Every structure is written in structure tokens, then in C-alpha cells.
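So the structure is just underneath, and the comments pick up after that.
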There are 2 protein chains.
Amino acid sequence: MAAAESRPAMKSRNLIAIDAMGGDEGPAAAIAGASVAKERFPESKFMVFGDESVCRPLMAKYKQLSSDCDIIHTSEEITAEAKPSVALRRGRSSSMGMAIQAVAHGKADAVVSAGNTGALMAMSKVFLKTLPGISRPAIAGLIPTRRSESVFLDLGANVECSKRNLVEFACMGTILARAVLGVVRPTVGLLNVGQEEFKGKSDLQEVANLLRRYDQHFEFKGFVEGDDVATGTTDVVVTDGFTGNVALKVMEGVAQAYSDFLRRSLRSSLVSRVGALLASSAFERLRLKVDPRRHNGAMFVGLNGVAVKSHGGTDSVGFANAVGVGIDIVKQGVNDRIISDLAEIDLAELE
Amino acid sequence: MAAAESRPAMKSRNLIAIDAMGGDEGPAAAIAGASVAKERFPESKFMVFGDESVCRPLMAKYKQLSSDCDIIHTSEEITAEAKPSVALRRGRSSSMGMAIQAVAHGKADAVVSAGNTGALMAMSKVFLKTLPGISRPAIAGLIPTRRSESVFLDLGANVECSKRNLVEFACMGTILARAVLGVVRPTVGLLNVGQEEFKGKSDLQEVANLLRRYDQHFEFKGFVEGDDVATGTTDVVVTDGFTGNVALKVMEGVAQAYSDFLRRSLRSSLVSRVGALLASSAFERLRLKVDPRRHNGAMFVGLNGVAVKSHGGTDSVGFANAVGVGIDIVKQGVNDRIISDLAEIDLAELE
């Protein structure tokens, strides 16, 4: 039930629908985040979906935001524990459901939510539908690498993936890398357990052969391994949603553990503490480089509308970045590019 | 073709077969590593398999090692690029093949190699056979966590795994955690994309149910996610070899990237450099904590004989640790424990 064509790009409007009731910090982080985004993108406008009695007083604190923001009262919300199927049945009038429908009905250009990922994806699929030519949407993230940043997908929308799904992910990841990272002809790697051609899952060998055939818009670098992700060997890393989700969370866990080890080591002696104080600007630079808030905002790609998932545990700074990701995708006309790129290649034969 | 019973434990012998021709640094790292291990475990003895004309002069440098070490000349070696099938056909008289056979024939207690992982596993399966009751051997690693260390398996032996395989991995990982980490009743987690029971692969739901039934020797904590690995939420983390291999390499990559960011940040100003100098003991502590050489030595479990894989890129310090892992497993009688634990539960019904 894919829509016939993409929703018209409304580049001049920049109207973002905010689900204020998602995430650990709820409306406080979402509204403060929208305010930070408003300062950064003065042309942006907002629709905030949530409990008006909570949102209205919060909003009053942010003068610039208030002038370009409507609050749409909703009395229901999707909990973090709700199953996607339950969200679909009962979530239509929730803050999340209403925010997605605002995009579906052309009232907003993008939806940003820090709520339940499964529910957000399930409702986005139903309300926004998939883009023509795309069989499954994916979740894509921008991850920090030693080189710069890479687009990594799928981060968890599809626990099991067909060969066609992975080829589509490569095409969509390429367009994101062009639009968001500004790379003209992105390199693409397929995540596997070995670079040699005889290693790994047999399915992935076939996907690699397909990617060699469909490489009009990207340079396929073959298989990459887990360590290539942080190295930044390719601009785009393609994998199934199970492996991608595990890999993303492993990265978060290791970065936290490393920070923790570093902090504990530096506190272990007085001389180290003095040293740490002197080197504090260096630690600040490091903190900025690995700050997960700076890379917050996972993009749902392949949908006929722009939806961005903010990390549930983030604060206003992180939420503002997720809003920035949404604005970027709208401005760059990512969905139109996906349609035109996919029109050039025939994936139907992969069914 | 599993052997009828495990090879007798030769606890007093501690005779280690070294494949000297594997790894990036070849005999130099292997022999220097054996020498470090000999100092650490004075009761250990060695058989070194490799090119005698190269090994003999290297050995001469290490007096203590020389007194308890035979060199067995081999003129062939398995290359890093060799396919496992080729290694099986032609590798019988290679340094790796001969070292494994020394264990198979009861001449040595454990084999340690820094060579080609696929070849080492393939030949170990053929020469050592699997333990009774085990359908597939796995590769297990000890990984550093915020809490201490955890046993993580499978790290790549089985790209695709059955439910029975995963249950066996949990049992074997438990025994390793008891033997190597000294935990009386280890906690076990099954790696998945969500902790909620309705998330993730449907197969994993069934495996979780089985682990709840077979929990005589461990405490099953349910699903864990990628970030739990570095946190150390459970003593044992079970997953298939594809996900495990990707996760392990992602960890290595992120740790390297983090070190790299830290180094570059600290060099960016004179004051930071002075601070870094003062805090150098703290950085040394951090380096030790995350030093991959300290955690080197992946254990092949489920084989009727002890085989340890050293990282191909490690040096003598790392290689010595891999030897230490082999000695530990032999001393603790891990294989006998696997047989007796598995005899108590009936996995045959999982076929």
C-alpha cells in the first residue's frame, strides 16, 4: 500500500511536529529542545502535541519558540513499554499518533519523538506509508568515526531482512550520506564477519553481488567488519536490524565504559587530578567528540514523510539535534531523491 | 563422530603445543610469548611447531624456556588467507596441524595458535573431535567490563546457530565463568535487541524459554542488549557467531577510536600536554585496563582437547596471556566439567 508519489517538499515551511510526551524527561526536554532548535534554525516552526496543562507553562519560558509554535492538546500517550500492535490499535489519538498524522496530512514536514521506537515505526508505517519502490523502511543513524561520521542502517526496524531489503538500505543510506554528510559518491560497506569472500553468511555473498550491480550512485567497497564501523572505512554501513541494533548499543556501552575507566583513573591520585585539571580543555574536546547528544536523531528512511527518533534518555541539547536532523532531511529533499534514484534501478526482480 | 569420553586431565603436566608460524609477527612473538608464560608458570613445558631454522636461534635467547621446550620442525604453514577447507585438505603437516595433533594424540595438553581462525577451528574439529553431548564447538572470549570480566560466546565459529547450539553455549560459558572467573553460580544473558519479551527474533524467545528450564548451573537473567556487554550485566553473554563476532570487533574499534580521540585531544595544546604528563600514571592504569593484550586468548570450547586462539596482531605479552588461558583451562578441568554438567540435562530432545 505504498503511496503513489512522495508528499510535496515544503522547503520553505520547516514545520516540525513534536511528540512532547515521549522520552524519560517528557515535555521538559522536548520543549526546551524545540527552543534550542528554534534558535539554531530561526525559520523553523513547531506544532507541539501533548498535555496542554503541562506543555503550556513550559512553553511560556521560551519566548522565541512561543511565537512560532502551536500546542495541540492530547490526553493520551504511548508508554515506553507499549507493544507496537497495541500502539497501532489504540494510539491514533495519542501525542505520538497525532504528531505523525500531522505529517501524513501535510500539516507538518517532519515528526520528532523521543518515545517508544517500535510504536513510532509501526504508526509511521501505517500513517505515512512507505515510499514507492521501498519494501521496508529502516532506521538510520549518524555515528562518529575516526574519519568523520558514517550513516549506519538498519538500527533495529527489521530484525530479519531479505536481500532486497539490504539493497534498498544501501540505496537509502547513500542518499542520506550525500544529503547529510555532503559526500558526492559515498562508499558503501556490507557488515560481515570477514572481508574474504568465502566468509560469513551465504545470503550476504548474494547481497554483495547485487550491490556490485546496482552501484550507479555509490562505490561498493565489499564486506566490512565490526571494527570498520568506528574507523569509518565507508560512508555507509549496511546491515540487518538485529546486528545493527546490537552493534549500536555495544558502541554506546563501550564508550560509556571507557569514559568511566578514564574518570576513575584520573581521580586515583592527587597528581593525576592536577593533571586532569590542566588538561580539562582536552577532555572537553573529547567529551564533545563522543557526546551521544551530538549524534542524536535516528532517521526513519523509506517512509513517505519524515520521522526522526530521538534517544529516550536524552536532554534538550540532544532533542534539539534530533529536530535538526529532521529539518536537514526536509531541506535536502531526501525522499524525492530516494524515489528518483530507485526509479533508475529495477529492484522488482529481487522479489 | 564425537569421542566417547574426554581425554584424561593431565593436570601435573602443563604441556603446551605452540604453533609458532601463525600471527602477524610469527615465531618471534610466539616464542617470546612462550618465554613470558614460562616465567609466569614455571611448571609449564612447551612443544614449539615451526621452521626450525627460524625458531632455534630465537629460542636461544630464552634460557629458562629452552630447558623445557622441544622444537618440532615443520616446513609447511597455514596462511592467513587459506580457506578452512584447503587447510583441512593440505594442513595436516603444517605447524598448526601438527600442534593440534599433538593434543589429539595426548602428547600435549593444549594448543595455542595466533594463526588463521577458520583453519584452526576446522582442523581442531577434525583432529580433536567434539565433546560428547556437544553438537557444535564455539569460540569464547573474556571481555573487560565495568564490573570486571565476562565470558562472551560465540565469537565467530558458527555464523548460524540452532536453538540447541545456543543452549549448549550457555552451559559451556557457565563452566568457563566458574573456572576462569571463579563465579560460583554465574548469571547468563541472551543477547537480543530488546529486554521486553515481545521484542527480537522469535527463535530467541524459544531459546530463552529453554534456558529457564535448563538453569541448574546458572542463573538466567533473560535478554540483555548490546550495552550490557561492556556494563557486565551478566557473567556470561550468549549469542550466535555472526552477532558475537561483529560485537567483539565493534568493541575493539570503539576502544581504539576512543584512545585515538583522547591522544589527539591531549596533544592539542601545551597546557594539555603538561596535564597529560602529570596524569600519566592514570593513563597507564587506563591503558592496562583496556589493553587488548590482557584479554587475549579466545577459547575454543566444546572440543575434546584444549585449543586457544591468540589474536593475529598481538605481541609476546598478548601471546603469553593466550598461553595462560590454555594453562588455566587445563588446570581447571573445564572439559570434564562440561561433560558432567551436560550429562545432567537432556539436550537430545532439542534436535
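By convention in this document, the chains of the C-alpha cells carry letters A, B, ... by their order, each chain's residues are numbered from 1, and ligands are numbered from 1 in the order they are shown.
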Residues of chain A that have any atom at most 6 Å from an atom of chain B: could you tabulate them with the shortest-distance atom pair and the distance in Å to one decimal, using only C-alpha atoms, ordered by chain and increasing number, as CSV?
```
residue,atom,partner,partner_atom,distance
A:Arg146,CA,B:Ala257,CA,5.9
A:Gly226,CA,B:Val250,CA,4.2
A:Asp227,CA,B:Gly253,CA,4.0
A:Ala230,CA,B:Gly253,CA,5.4
A:Thr243,CA,B:Thr243,CA,5.9
A:Val246,CA,B:Gly226,CA,4.6
A:Ala247,CA,B:Ala247,CA,5.7
A:Lys249,CA,B:Gly226,CA,4.4
A:Val250,CA,B:Gly226,CA,4.2
A:Gly253,CA,B:Asp227,CA,4.0
A:Val254,CA,B:Ala230,CA,5.5
A:Ala257,CA,B:Arg146,CA,5.9
A:Ser265,CA,B:Ala282,CA,4.7
A:Leu266,CA,B:Ala282,CA,5.2
A:Ser272,CA,B:Ala279,CA,4.0
A:Gly275,CA,B:Gly275,CA,3.7
A:Ala276,CA,B:Gly275,CA,5.8
A:Leu278,CA,B:Gly275,CA,4.7
A:Ala279,CA,B:Ser272,CA,4.0
A:Ala282,CA,B:Ser265,CA,4.7
```
Could you take the residues named above and write them with N, CA and C atoms, as a compact mmCIF listing (two decimals), in the first residue's frame?
```txt
# COMPACT_ATOMS: atom_id res chain seq x y z
N ARG A 146 36.53 7.67 13.36
CA ARG A 146 37.84 8.31 13.42
C ARG A 146 38.03 9.26 12.25
N GLY A 226 33.26 -5.40 12.08
CA GLY A 226 32.83 -4.57 13.19
C GLY A 226 33.75 -3.40 13.49
N ASP A 227 35.06 -3.61 13.41
CA ASP A 227 35.98 -2.51 13.75
C ASP A 227 36.00 -1.42 12.69
N ALA A 230 33.72 2.03 13.62
CA ALA A 230 34.29 3.18 14.32
C ALA A 230 35.46 3.79 13.55
N THR A 243 21.59 -7.08 13.92
CA THR A 243 23.02 -6.82 14.06
C THR A 243 23.28 -5.33 14.29
N VAL A 246 22.33 -4.29 17.91
CA VAL A 246 23.33 -4.79 18.86
C VAL A 246 24.61 -3.96 18.73
N ALA A 247 25.07 -3.74 17.50
CA ALA A 247 26.33 -3.01 17.28
C ALA A 247 26.24 -1.59 17.84
N LYS A 249 24.33 -0.42 20.23
CA LYS A 249 24.30 -0.41 21.70
C LYS A 249 25.63 -0.86 22.28
N VAL A 250 26.34 -1.76 21.59
CA VAL A 250 27.69 -2.12 22.03
C VAL A 250 28.57 -0.87 22.01
N GLY A 253 27.77 1.34 24.88
CA GLY A 253 28.25 0.72 26.13
C GLY A 253 29.75 0.86 26.29
N VAL A 254 30.50 0.62 25.23
CA VAL A 254 31.96 0.70 25.31
C VAL A 254 32.40 2.14 25.54
N ALA A 257 31.79 2.90 29.12
CA ALA A 257 32.74 2.19 29.97
C ALA A 257 34.10 2.87 29.91
N SER A 265 40.38 6.53 36.70
CA SER A 265 41.85 6.56 36.69
C SER A 265 42.35 7.94 37.10
N LEU A 266 41.72 8.97 36.54
CA LEU A 266 42.19 10.34 36.79
C LEU A 266 41.99 10.77 38.24
N SER A 272 47.42 13.13 39.50
CA SER A 272 46.56 12.89 38.33
C SER A 272 45.42 13.90 38.27
N GLY A 275 46.78 17.07 36.98
CA GLY A 275 46.99 16.88 35.54
C GLY A 275 45.69 16.98 34.78
N ALA A 276 44.66 16.33 35.31
CA ALA A 276 43.35 16.33 34.65
C ALA A 276 42.78 17.74 34.57
N LEU A 278 44.55 20.54 34.43
CA LEU A 278 45.30 21.27 33.39
C LEU A 278 44.84 20.85 32.00
N ALA A 279 44.52 19.57 31.87
CA ALA A 279 44.13 19.05 30.54
C ALA A 279 42.62 19.15 30.32
N ALA A 282 41.24 19.66 26.90
CA ALA A 282 41.36 18.47 26.05
C ALA A 282 40.22 17.49 26.33
```
Task: Near-region 212-214 of chain A list (10 Å; only C-alpha atoms; drop same-chain fewer than 6 positions) as a list in words - done: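 So, after excluding close chain neighbours, the residues are Val167, Ala170, Cys171, Glu206, Phe220, Lys221, Gly222, Leu342, Glu344, Ile345, Asp346 and Leu347 of chain A.
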Using C-alpha atoms, can you write the selected residues to a file as a PDB file, in the first residue's frame?
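After the write, again.pdb holds the following:
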```
ATOM      1  CA  VAL A 167      19.964  -3.469  -1.273  1.00  0.00           C
ATOM      2  CA  ALA A 170      22.307   0.657   0.674  1.00  0.00           C
ATOM      3  CA  CYS A 171      20.467   2.950  -1.764  1.00  0.00           C
ATOM      4  CA  GLU A 206      24.480 -12.687  -2.833  1.00  0.00           C
ATOM      5  CA  PHE A 220      30.619  -0.575  -3.140  1.00  0.00           C
ATOM      6  CA  LYS A 221      33.665  -1.476  -1.052  1.00  0.00           C
ATOM      7  CA  GLY A 222      32.579  -5.047  -0.289  1.00  0.00           C
ATOM      8  CA  LEU A 342      15.292   3.970  -7.106  1.00  0.00           C
ATOM      9  CA  GLU A 344      16.698   4.169 -12.175  1.00  0.00           C
ATOM     10  CA  ILE A 345      17.202   0.647 -10.916  1.00  0.00           C
ATOM     11  CA  ASP A 346      14.800  -2.238 -11.010  1.00  0.00           C
ATOM     12  CA  LEU A 347      14.624  -3.979  -7.666  1.00  0.00           C
TER      13      LEU A 347
END
```
TODO: One decimal, Å: what's the distance from CA of Ala29 (chain A) over to CA of Lys61 (chain A), could you say?
DONE: 12.7 Å
- [ ] Choose the residue, out of A:Leu166, A:Ala179, A:Leu153, A:Leu210, that has the smallest atom-to-atom separation from Phe300 (chain A); count only C-alpha atoms.
- [x]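 For Phe300 (chain A), the nearest of the candidates is A:Leu153.
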Task: Expected answer as a list of chain:residue names: helix (DSSP H, G or I) residues in region 30-71 of chain B - done: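 Put together, the selection reads B:Ala30, B:Ile31, B:Ala32, B:Gly33, B:Ala34, B:Ser35, B:Val36, B:Ala37, B:Lys38, B:Glu39, B:Arg40, B:Glu52, B:Ser53, B:Val54, B:Cys55, B:Arg56, B:Pro57, B:Leu58, B:Met59, B:Lys63, B:Gln64, B:Leu65, B:Ser66, B:Ser67.
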Next, dump the selected residues to file, keeping only C-alpha atoms, as a CSV table (one decimal), in the first residue's frame.
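What ended up in out17.csv:
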```csv
chain,number,residue,atom,x,y,z
B,30,ALA,CA,55.1,-16.8,19.8
B,31,ILE,CA,58.5,-17.8,21.2
B,32,ALA,CA,58.9,-14.6,23.2
B,33,GLY,CA,55.4,-15.1,24.4
B,34,ALA,CA,56.0,-18.7,25.5
B,35,SER,CA,59.1,-17.4,27.4
B,36,VAL,CA,57.0,-14.9,29.3
B,37,ALA,CA,54.4,-17.6,30.0
B,38,LYS,CA,57.2,-19.9,31.2
B,39,GLU,CA,58.3,-17.3,33.7
B,40,ARG,CA,54.8,-16.9,34.9
B,52,GLU,CA,63.5,-25.0,13.0
B,53,SER,CA,66.0,-22.7,11.2
B,54,VAL,CA,63.9,-19.7,12.4
B,55,CYS,CA,62.8,-21.0,15.8
B,56,ARG,CA,66.1,-22.4,17.1
B,57,PRO,CA,68.0,-19.1,17.1
B,58,LEU,CA,65.0,-17.2,18.6
B,59,MET,CA,64.7,-19.9,21.3
B,63,LYS,CA,67.3,-19.8,28.7
B,64,GLN,CA,64.5,-20.8,31.0
B,65,LEU,CA,62.2,-21.7,28.2
B,66,SER,CA,64.9,-23.6,26.3
B,67,SER,CA,65.3,-26.0,29.2
```
Open item on the list: I'd like the neighbourhood of Ser135 (chain A) as a ChimeraX atom specification, where a residue qualifies if any of its atoms comes within 9 Å (using only C-alpha atoms), though same-chain residues fewer than 6 positions away should be ignored.
Closed with: /A:2,164-165,168,302
Val308 (chain A) environment, 10 Å, only C-alpha atoms, sequence neighbours closer than 2 positions dropped, as a PDB file with C-alpha atoms, in the first residue's frame:
```
ATOM      1  CA  ILE A  18       6.887  17.409  18.188  1.00  0.00           C
ATOM      2  CA  ALA A 110       8.565  16.133   9.890  1.00  0.00           C
ATOM      3  CA  VAL A 111       7.760  14.455  13.187  1.00  0.00           C
ATOM      4  CA  VAL A 112      10.278  14.148  16.031  1.00  0.00           C
ATOM      5  CA  SER A 113       9.638  11.863  19.010  1.00  0.00           C
ATOM      6  CA  ALA A 114      11.698  10.527  21.914  1.00  0.00           C
ATOM      7  CA  THR A 117      10.724   3.223  18.903  1.00  0.00           C
ATOM      8  CA  LEU A 120       6.789   5.143  16.355  1.00  0.00           C
ATOM      9  CA  MET A 121       7.877   2.895  13.480  1.00  0.00           C
ATOM     10  CA  ILE A 139      16.256   3.234  10.976  1.00  0.00           C
ATOM     11  CA  ALA A 140      19.469   5.044  10.078  1.00  0.00           C
ATOM     12  CA  GLY A 141      21.893   6.794  12.411  1.00  0.00           C
ATOM     13  CA  ASN A 296      21.195  12.083  18.444  1.00  0.00           C
ATOM     14  CA  GLY A 297      18.358  11.672  15.961  1.00  0.00           C
ATOM     15  CA  ALA A 298      17.824   8.360  14.173  1.00  0.00           C
ATOM     16  CA  MET A 299      16.218   8.787  10.781  1.00  0.00           C
ATOM     17  CA  PHE A 300      13.342   6.572   9.681  1.00  0.00           C
ATOM     18  CA  VAL A 301      14.053   6.204   5.972  1.00  0.00           C
ATOM     19  CA  VAL A 306       9.993  12.441   7.567  1.00  0.00           C
ATOM     20  CA  SER A 310      15.305  10.973  19.484  1.00  0.00           C
ATOM     21  CA  HIS A 311      17.021   8.844  22.146  1.00  0.00           C
ATOM     22  CA  ALA A 322      17.159  15.326  16.514  1.00  0.00           C
ATOM     23  CA  VAL A 323      14.994  18.266  15.389  1.00  0.00           C
ATOM     24  CA  GLY A 324      17.987  19.499  13.340  1.00  0.00           C
ATOM     25  CA  VAL A 325      18.223  16.110  11.632  1.00  0.00           C
ATOM     26  CA  GLY A 326      14.537  16.356  10.676  1.00  0.00           C
ATOM     27  CA  ILE A 327      14.990  19.877   9.292  1.00  0.00           C
ATOM     28  CA  ILE A 329      16.238  15.818   5.712  1.00  0.00           C
TER      29      ILE A 329
END
```
- [ ] Write out as a list in words the residues lying within 10 Å of Val180 (chain B), counting only C-alpha atoms and excluding same-chain residues fewer than 6 positions away.
- [x] Leu142, Glu149, Ser150, Val151, Thr174, Val325, Asp328, Ile329, Gln332 and Val334 of chain B
Let me see the file: selected residues, N, CA and C atoms, as a short mmCIF file (atom, residue, chain, number, x, y, z; two decimals), in the first residue's frame.
```
data_model
loop_
_atom_site.label_atom_id
_atom_site.label_comp_id
_atom_site.auth_asym_id
_atom_site.auth_seq_id
_atom_site.Cartn_x
_atom_site.Cartn_y
_atom_site.Cartn_z
N LEU B 142 37.11 -13.69 26.97
CA LEU B 142 36.93 -12.96 28.22
C LEU B 142 36.99 -11.48 27.87
N GLU B 149 34.99 -8.86 34.43
CA GLU B 149 35.12 -9.50 33.13
C GLU B 149 33.91 -10.40 32.90
N SER B 150 33.60 -10.65 31.64
CA SER B 150 32.52 -11.58 31.31
C SER B 150 33.00 -12.56 30.25
N VAL B 151 32.36 -13.72 30.21
CA VAL B 151 32.59 -14.70 29.15
C VAL B 151 31.58 -14.40 28.04
N THR B 174 28.94 -21.01 31.14
CA THR B 174 28.80 -21.09 32.59
C THR B 174 30.01 -21.76 33.22
N VAL B 325 45.71 -18.64 29.34
CA VAL B 325 44.31 -19.09 29.23
C VAL B 325 44.28 -20.60 29.03
N ASP B 328 45.17 -22.38 32.27
CA ASP B 328 44.02 -22.27 33.19
C ASP B 328 42.95 -23.30 32.88
N ILE B 329 42.60 -23.41 31.61
CA ILE B 329 41.51 -24.32 31.21
C ILE B 329 41.90 -25.77 31.51
N GLN B 332 41.88 -26.31 35.37
CA GLN B 332 40.53 -26.31 35.94
C GLN B 332 39.71 -27.49 35.45
N VAL B 334 38.20 -27.98 32.63
CA VAL B 334 36.97 -27.43 32.05
C VAL B 334 36.21 -28.49 31.24
#
```
- [ ] Quick one: pull the distance between CA of Asp51 (chain A) and CA of Ile100 (chain A), Å, one decimal.
- [x]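 One can read the CA of Asp51 (chain A) to CA of Ile100 (chain A) distance as 16.3 Å.
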